[in-house]
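**Student:** Quick one: this structure, given as C-alpha cells, is what I'll be asking you about.
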2 protein chains.
Amino acid sequence: MDQTKILLDENEMPTQWYNILSDIKVEPPLNPATNEPMDPKDLEPIFAKELIKQEISSEKYIDIPKDILEIYALWRPSPLYRAHRLEKALGTPAKIYYKNESVSPAGSHKPNTAIAQAYYNMKEGTERITTETGAGQWGSSLSLCCNYFDMECKVYMVSSSFYQKPYRKSLINLWGATVIPSPSTETQFGRKIREMYPDTTGSLGIAISEAIEEAALNDNTKYALGSVLNHTSLHQTVVGLETQAQFDKTEDYPDIVIGCCGGGSNLAGVALPYIRDNLAGKTDTRFIAVEPSACPTLTSGEFKYDFGDMAQQTPLLKMYTLGSEFIPPAIHAGGLRYHGVSPIISKLVSDGIMEATSYHQVEVFDAAVAFARSEGIAPAPESAHAIKSAIDEALKCKETGEEKTILFNLSGHGHFDMASYDKYFSGELSND
Amino acid sequence: MDQTKILLDENEMPTQWYNILSDIKVEPPLNPATNEPMDPKDLEPIFAKELIKQEISSEKYIDIPKDILEIYALWRPSPLYRAHRLEKALGTPAKIYYKNESVSPAGSHKPNTAIAQAYYNMKEGTERITTETGAGQWGSSLSLCCNYFDMECKVYMVSSSFYQKPYRKSLINLWGATVIPSPSTETQFGRKIREMYPDTTGSLGIAISEAIEEAALNDNTKYALGSVLNHTSLHQTVVGLETQAQFDKTEDYPDIVIGCCGGGSNLAGVALPYIRDNLAGKTDTRFIAVEPSACPTLTSGEFKYDFGDMAQQTPLLKMYTLGSEFIPPAIHAGGLRYHGVSPIISKLVSDGIMEATSYHQVEVFDAAVAFARSEGIAPAPESAHAIKSAIDEALKCKETGEEKTILFNLSGHGHFDMASYDKYFSGELSND
C-alpha cells in the first residue's frame, strides 16, 4: 500500500526557525513622519522587545524556546499527506502532496506564530494583547495561545466575518478571550469609520487600526499581528522545515510549492526553507502565491511603500499594495481580504523568485469540493485557493505527461466556513 | 521534554478487527413475530450479507480488507495523547491519556465503521444507503464513506439536531449526500409520528424507523446503523487495538478505560481489546461507560428484550433500555440520545465487567471547557462526558495520592457544536 501520511515524531520537530533575512534583503520600514528608516525603539509601545529584535534580525537560525516546543507538540509535527485520491480523480501523472496545518486546535497554521508572540509578551510582563482578525483563524489562534500564559486577549473581528462565521466567535470565547465586530464603537478610529461609512463590512486594515489604537493607549497592553511582519513569517518556517524533513523520508522533492496568500504567512511558512535551498543554488523549485481575484494585491497592486492599516498609524512598509484605503468585497475567504502583502513575499515576487496568480471564488469552491470528495477534509476557503492552483498545475502535467511533484500548504479546515459552502451549493456565491 | 503524542505509522495499523463474540456470549436477537431467534436471512432486505455474517460471527479476528485500510490511512492510526496540561491543571498524580478520534475528516470515530459498511454494500451491488443520525456525526461519516464508492446516501437527521447543528447538514451536502429532518413527511411512519406528536423534536428511534422503512421498500437500497449492532462494535475495535500498540511504546498501561455511551460504539472501540485481556486473566482494568442523566439507559434502564426503533420494526435486542417509545429531552449531546445500548455493552455492564455512570449536562460542559483550555481541542459534547469522568477519576487520585493511568476516548471534536457552547456561556443551558 502506498503511504498516505508522512509523519514525524516530536523529537524530529525543528528546534530552530529559519530567518530568510539572512539570505535576502528587504527594504526597512519607514517612519511616516520623517520618511526615514524606523527606529526599532519606536515600536516598543506596541510590540514585545524580543519580537522587534526578531523582526530586524539577520541571524540565519533562531532557537525555538522549549516552552514553545512543548505547546507546538499539541499539534506538531503536522502530517504531510500524499493526495493519492485527488491525483486519481484528476487522472494526473503528477504527485500531489499537502502539508496539513488544519490539525491545530484552532484549525490552521496561525497558532505557530500566536504561541511565539504570546510567549515573548508573557516573558516581558504584558498582561493583555489586542489584535484584529479576518476570517477568525488568527483571532481564535491568539485566544488559544494567550490562554496558555494567563494573558487577556481582545479581538477586533472584521464585521463581515463576524456575522458570516458566528462560531469562530464561540471558539474565541471558549478559550477565554473577548471578541467584538470592527469597526467598533470602542476606539476613536472605529467610531470615525462608522460615521464615514455606515454600511461598511469592515476590513483588516480598519481592524488593525483599532487594535493598535487600544494597545498604544494602555501600558499593560501590547498588539499582535498574525501575518505580514517578518517575525510572523519566521515563526511559520517551522511548517516548511518539517515538510523538508518529511520529504527526506520519501523519494520525492517538490518541483512546485504553492500557498494561498493574504498577508503571506502560511505561504512564507511552507516556501521560505525551499527558497533558502534555491538561493543556495541547490534546487530550482517554482513557487506560486495564490490570491483571490477580488483582492489581487500581488497580481494587480503596486510595489511601493504603504501603510499596513487604514488609519495610517503603522510604519510604511515596502510591499505590494492595493492602497491602505482599499476595502475588498466581502468574499468568503476572509483571511485573504488584505490590501497589502508581507514585505518578504513582496520582495520575492518583485525579484521573480516567486510567481503570483489569482482565482475567482466560484472556481475556488469547485476545487474545494473536489478536494473534500477525494481527500475527505473540508478545506478552508482560503486554503482552497492553493488547492485550485495545485489542481491546475496537476492538470497541466496531465496534458504534458510530466510527473512533477506538487506541494501545497493546506493552511486550515473549513469547519467554521460551512455557511459559505451552503451559499456555493445554493448557487448564491458570486465571483466578487 | 515529556512526549505529548504517541504516534503509529500506517504500517503499524491493525490489519484485523477483534470480535468479542469469540470471548463472551450475548443473547441472540429475536423475531418479534415469533419470539424465536432471528433467522439471519430475514435481515438481508436491509443489510449487506457480509455485515450480517459479521454480526453473528464467533471468529476471534476478522481481516480488514485492503480497500478499507487504504481509506483508514486518511486519518488512522489516530494519535494517542498524554494530557500533560490537563493533569497539571487538576494537580493530580494520575496520568491521563486520550485517544484522539476527532482527527477523521468527519470529526469522530464514526467513519471507522461507516467505511466498512459502505465497502461491503458496494461489493454486494447496493446503490443507495439510508440511515439516521443524531448529532450528525454518523450521518456525515456515512456520507463521506458512500462518496468513496459512488453510492447515494440519504440521512434522516433527528429534528432537534437538524436545527441545533445546521453545519453538520452542510458537511453531509459537501460529501454529496441528502439530509432531511426526522420525523419527515417522506415515510409512512414519519407522517404518523408528526400527526401524533406535532411538537416532537424527534429521536434516534424515530429516525431509524424511517430509514429502515425506506430501505425495506426499495430493492437497490440498504440501511446502515452507526452504533448498537455487533458489527459496528467490531469495526470500532481498530481504536482500542491501535491504543494498545501505542501504550506498548510507553511505560504505562491503563488502570481505567472510559468512554461516553450512546449506542455504545466508541466505548466498545476503545474498551473491547482491553476487556479481551481482562477476560484472558492478563489484566485487571476498570471500564466506565458514561451517559447523560437525561438519557440514563445503563444507570436507570432495564436489561431486557426491546426494539431498536420506535416503530418496532427491528428485531428484539437484549439490552439496557428506557423503552423504545422513550423520547429524551433535546440535550446538546445529540449522539447520546438513544433509548437503548448495544447488546455487547449491555452484557458487559450486566455481568459487572463494566461500570456505568451519568452526569448532568452543565457539569459536562464545565469539563469540556477545562479540557479546551488545557489541551486546546474543543471537544464534542458527547466526548465531554468521558472527559468529565476522567477528570473525576483523576481528582480521586489527587485525594488518595494514587498514580493511576486513566485512558479515555475523545470520540469527536465540537466544531459543529459551538451553538451549544454559546448556550453554556450565556447561562441558558439546562440540566435536562
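Identifiers in the C-alpha cells: chain A, B, ... in order shown; residue index from 1 per chain; ligand index from 1 in order shown.
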I'd like the neighbourhood of region 91-97 of chain B as a ChimeraX atom specification, where a residue qualifies if any of its atoms comes within 12 Å (using only C-alpha atoms), though same-chain residues fewer than 3 positions away should be ignored.
**Tutor:** /B:3-6,79-88,100,243-244,246-247,250-258,371,375,386-387,389-410
**Student:** Check region 44-115 of chain B with DSSP on the backbone and list each residue it calls alpha helix (DSSP H), as an MDAnalysis selection string.
**Tutor:** chainID B and resid 49:56 66:72 84:90 111:115
**Student:** Quick one: residues within 7 Å of region 381-384 of chain A, only C-alpha atoms counted, chain neighbours fewer than 2 positions away excluded, as a PyMOL selection string?
**Tutor:** chain A and resi 260+332-333+335-336+364-365+367-368+379+386-388+410-412+414
**Student:** Take the residues that were just selected and, keeping N, CA, C and O atoms, output them as a CSV table (one decimal), in the first residue's frame.
**Tutor:**
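selection.csv written:
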chain,number,residue,atom,x,y,z
A,260,CYS,N,-1.8,29.8,-0.5
A,260,CYS,CA,-2.7,30.9,-0.7
A,260,CYS,C,-2.0,32.1,0.0
A,260,CYS,O,-1.1,31.9,0.8
A,332,HIS,N,-15.7,35.1,0.7
A,332,HIS,CA,-15.8,34.1,1.7
A,332,HIS,C,-14.4,33.6,2.3
A,332,HIS,O,-14.4,33.0,3.2
A,333,ALA,N,-13.4,34.0,1.5
A,333,ALA,CA,-12.0,33.7,2.1
A,333,ALA,C,-11.6,35.0,2.8
A,333,ALA,O,-10.7,35.7,2.4
A,335,GLY,N,-9.8,35.6,5.2
A,335,GLY,CA,-8.4,35.7,5.6
A,335,GLY,C,-7.5,36.2,4.5
A,335,GLY,O,-6.3,36.5,4.7
A,336,LEU,N,-8.1,36.3,3.3
A,336,LEU,CA,-7.3,36.8,2.1
A,336,LEU,C,-7.7,38.3,1.7
A,336,LEU,O,-7.3,38.8,0.7
A,364,VAL,N,-12.8,28.5,-7.1
A,364,VAL,CA,-12.1,28.1,-5.9
A,364,VAL,C,-12.9,27.1,-5.0
A,364,VAL,O,-12.4,26.1,-4.6
A,365,PHE,N,-14.2,27.4,-4.9
A,365,PHE,CA,-15.1,26.4,-4.2
A,365,PHE,C,-15.3,25.1,-5.0
A,365,PHE,O,-15.4,24.0,-4.4
A,367,ALA,N,-12.9,23.7,-6.6
A,367,ALA,CA,-11.7,22.9,-6.2
A,367,ALA,C,-11.8,22.4,-4.8
A,367,ALA,O,-11.4,21.3,-4.5
A,368,ALA,N,-12.4,23.2,-3.9
A,368,ALA,CA,-12.6,22.8,-2.5
A,368,ALA,C,-13.5,21.5,-2.4
A,368,ALA,O,-13.2,20.6,-1.7
A,379,PRO,N,-11.9,21.8,3.3
A,379,PRO,CA,-10.8,22.8,3.4
A,379,PRO,C,-11.4,24.2,3.7
A,379,PRO,O,-12.6,24.5,3.4
A,386,ALA,N,-5.1,27.6,-2.8
A,386,ALA,CA,-3.9,26.8,-3.0
A,386,ALA,C,-4.3,25.5,-3.7
A,386,ALA,O,-3.6,25.0,-4.6
A,387,ILE,N,-5.4,24.9,-3.3
A,387,ILE,CA,-5.9,23.6,-3.9
A,387,ILE,C,-6.1,23.8,-5.4
A,387,ILE,O,-5.7,23.0,-6.2
A,388,LYS,N,-6.8,24.9,-5.7
A,388,LYS,CA,-7.2,25.2,-7.1
A,388,LYS,C,-5.9,25.3,-7.9
A,388,LYS,O,-5.9,24.8,-9.0
A,410,LEU,N,-2.0,23.1,3.0
A,410,LEU,CA,-3.4,23.2,3.4
A,410,LEU,C,-3.5,23.9,4.7
A,410,LEU,O,-3.3,23.4,5.8
A,411,SER,N,-3.6,25.3,4.6
A,411,SER,CA,-3.4,26.1,5.8
A,411,SER,C,-4.5,25.9,6.9
A,411,SER,O,-4.2,26.2,8.0
A,412,GLY,N,-5.7,25.5,6.5
A,412,GLY,CA,-6.7,25.3,7.5
A,412,GLY,C,-7.9,24.5,7.0
A,412,GLY,O,-8.1,24.3,5.8
A,414,GLY,N,-12.3,23.9,7.0
A,414,GLY,CA,-13.4,24.8,6.7
A,414,GLY,C,-14.6,24.6,7.7
A,414,GLY,O,-15.7,25.0,7.3
**Student:** Just checking: using only C-alpha atoms, which residue out of A:Lys282, A:Arg276, A:Lys169, A:His109 ends up closest to Leu348 (chain A)?
**Tutor:**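 So, comparing all the options, the nearest one is A:Arg276.
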**Student:** Could you tell me which of A:Ala33, A:Ala106, A:Ala380, A:Ala118 comes closest to chain B if we count only C-alpha atoms?
**Tutor:**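 Under the stated criterion, the closest residue is A:Ala106.
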**Student:** Would you kindly return, as number ranges by chain, each protein, DNA or RNA residue with an atom no farther than 7 Å from any atom of Arg373 (chain A), considering only C-alpha atoms and excluding same-chain residues fewer than 4 positions away?
**Tutor:** A: 369; B: 147, 175
**Student:** Set out as a tab-separated table a contact list for chain B and chain A with a cut-off of 6 Å, giving each residue of chain B that qualifies its closest atom pair and distance in Å to one decimal, counting only C-alpha atoms, ordered by chain and rising residue number.
**Tutor:**
residue	atom	partner	partner_atom	distance
B:Pro105	CA	A:Ile377	CA	4.8
B:Tyr167	CA	A:Met418	CA	5.7
B:Trp175	CA	A:Arg373	CA	5.8
B:Arg373	CA	A:Trp175	CA	5.7
B:Gly376	CA	A:Pro105	CA	5.3
B:Ile377	CA	A:Pro105	CA	4.8
B:Met418	CA	A:Tyr167	CA	5.8
**Student:** At a cut-off of 9 Å, using only C-alpha atoms, what residues contact Leu30 (chain A)? Leave out same-chain residues fewer than 3 positions from it and give the result as number ranges by chain.
**Tutor:** A: 27, 33-39, 305, 315-318
**Student:** Between CA of Ala135 (chain A) and CA of Lys222 (chain A), what is the spacing in Å?
**Tutor:**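 According to the coordinates, CA of Lys222 (chain A) and CA of Ala135 (chain A) are separated by 21.6 Å.
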**Student:** Which neighbours of Ala289 (chain A) fall inside 9 Å, counting only C-alpha atoms, when residues of the same chain fewer than 2 positions from it are skipped, and could you give them as a PyMOL selection string?
**Tutor:** chain A and resi 257-261+264+267+287+291+298+345+349+354-358+386
**Student:** I'd like to know which residues of region 261-299 of chain B are strand (DSSP E) (by DSSP, run on the backbone); could you write them as a count of residues only?
**Tutor:** 7
**Student:** Quick one: everything within 7 Å of region 192-204 of chain A, counting only C-alpha atoms, minus sequence neighbours fewer than 5 positions away in the same chain. Send it as a VMD selection string.
**Tutor:** chain A and resid 132 to 134 158 to 160 182 to 183 327 337 to 338
**Student:** In Å, how far is it from CA of Thr314 (chain A) to CA of Asp42 (chain A)?
**Tutor:** 10.8 Å
**Student:** With only C-alpha atoms as the atoms that count, which of A:Met319, A:His360, A:Phe326, A:Ser227 lies nearest to Ser293 (chain A)?
**Tutor:**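 For Ser293 (chain A), the nearest of the candidates is A:His360.
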**Student:** Quick check, in Å to one decimal: how far apart do CA of Leu142 (chain A) and CA of Leu272 (chain A) lie?
**Tutor:**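 Between CA of Leu142 (chain A) and CA of Leu272 (chain A) the gap is 23.0 Å.
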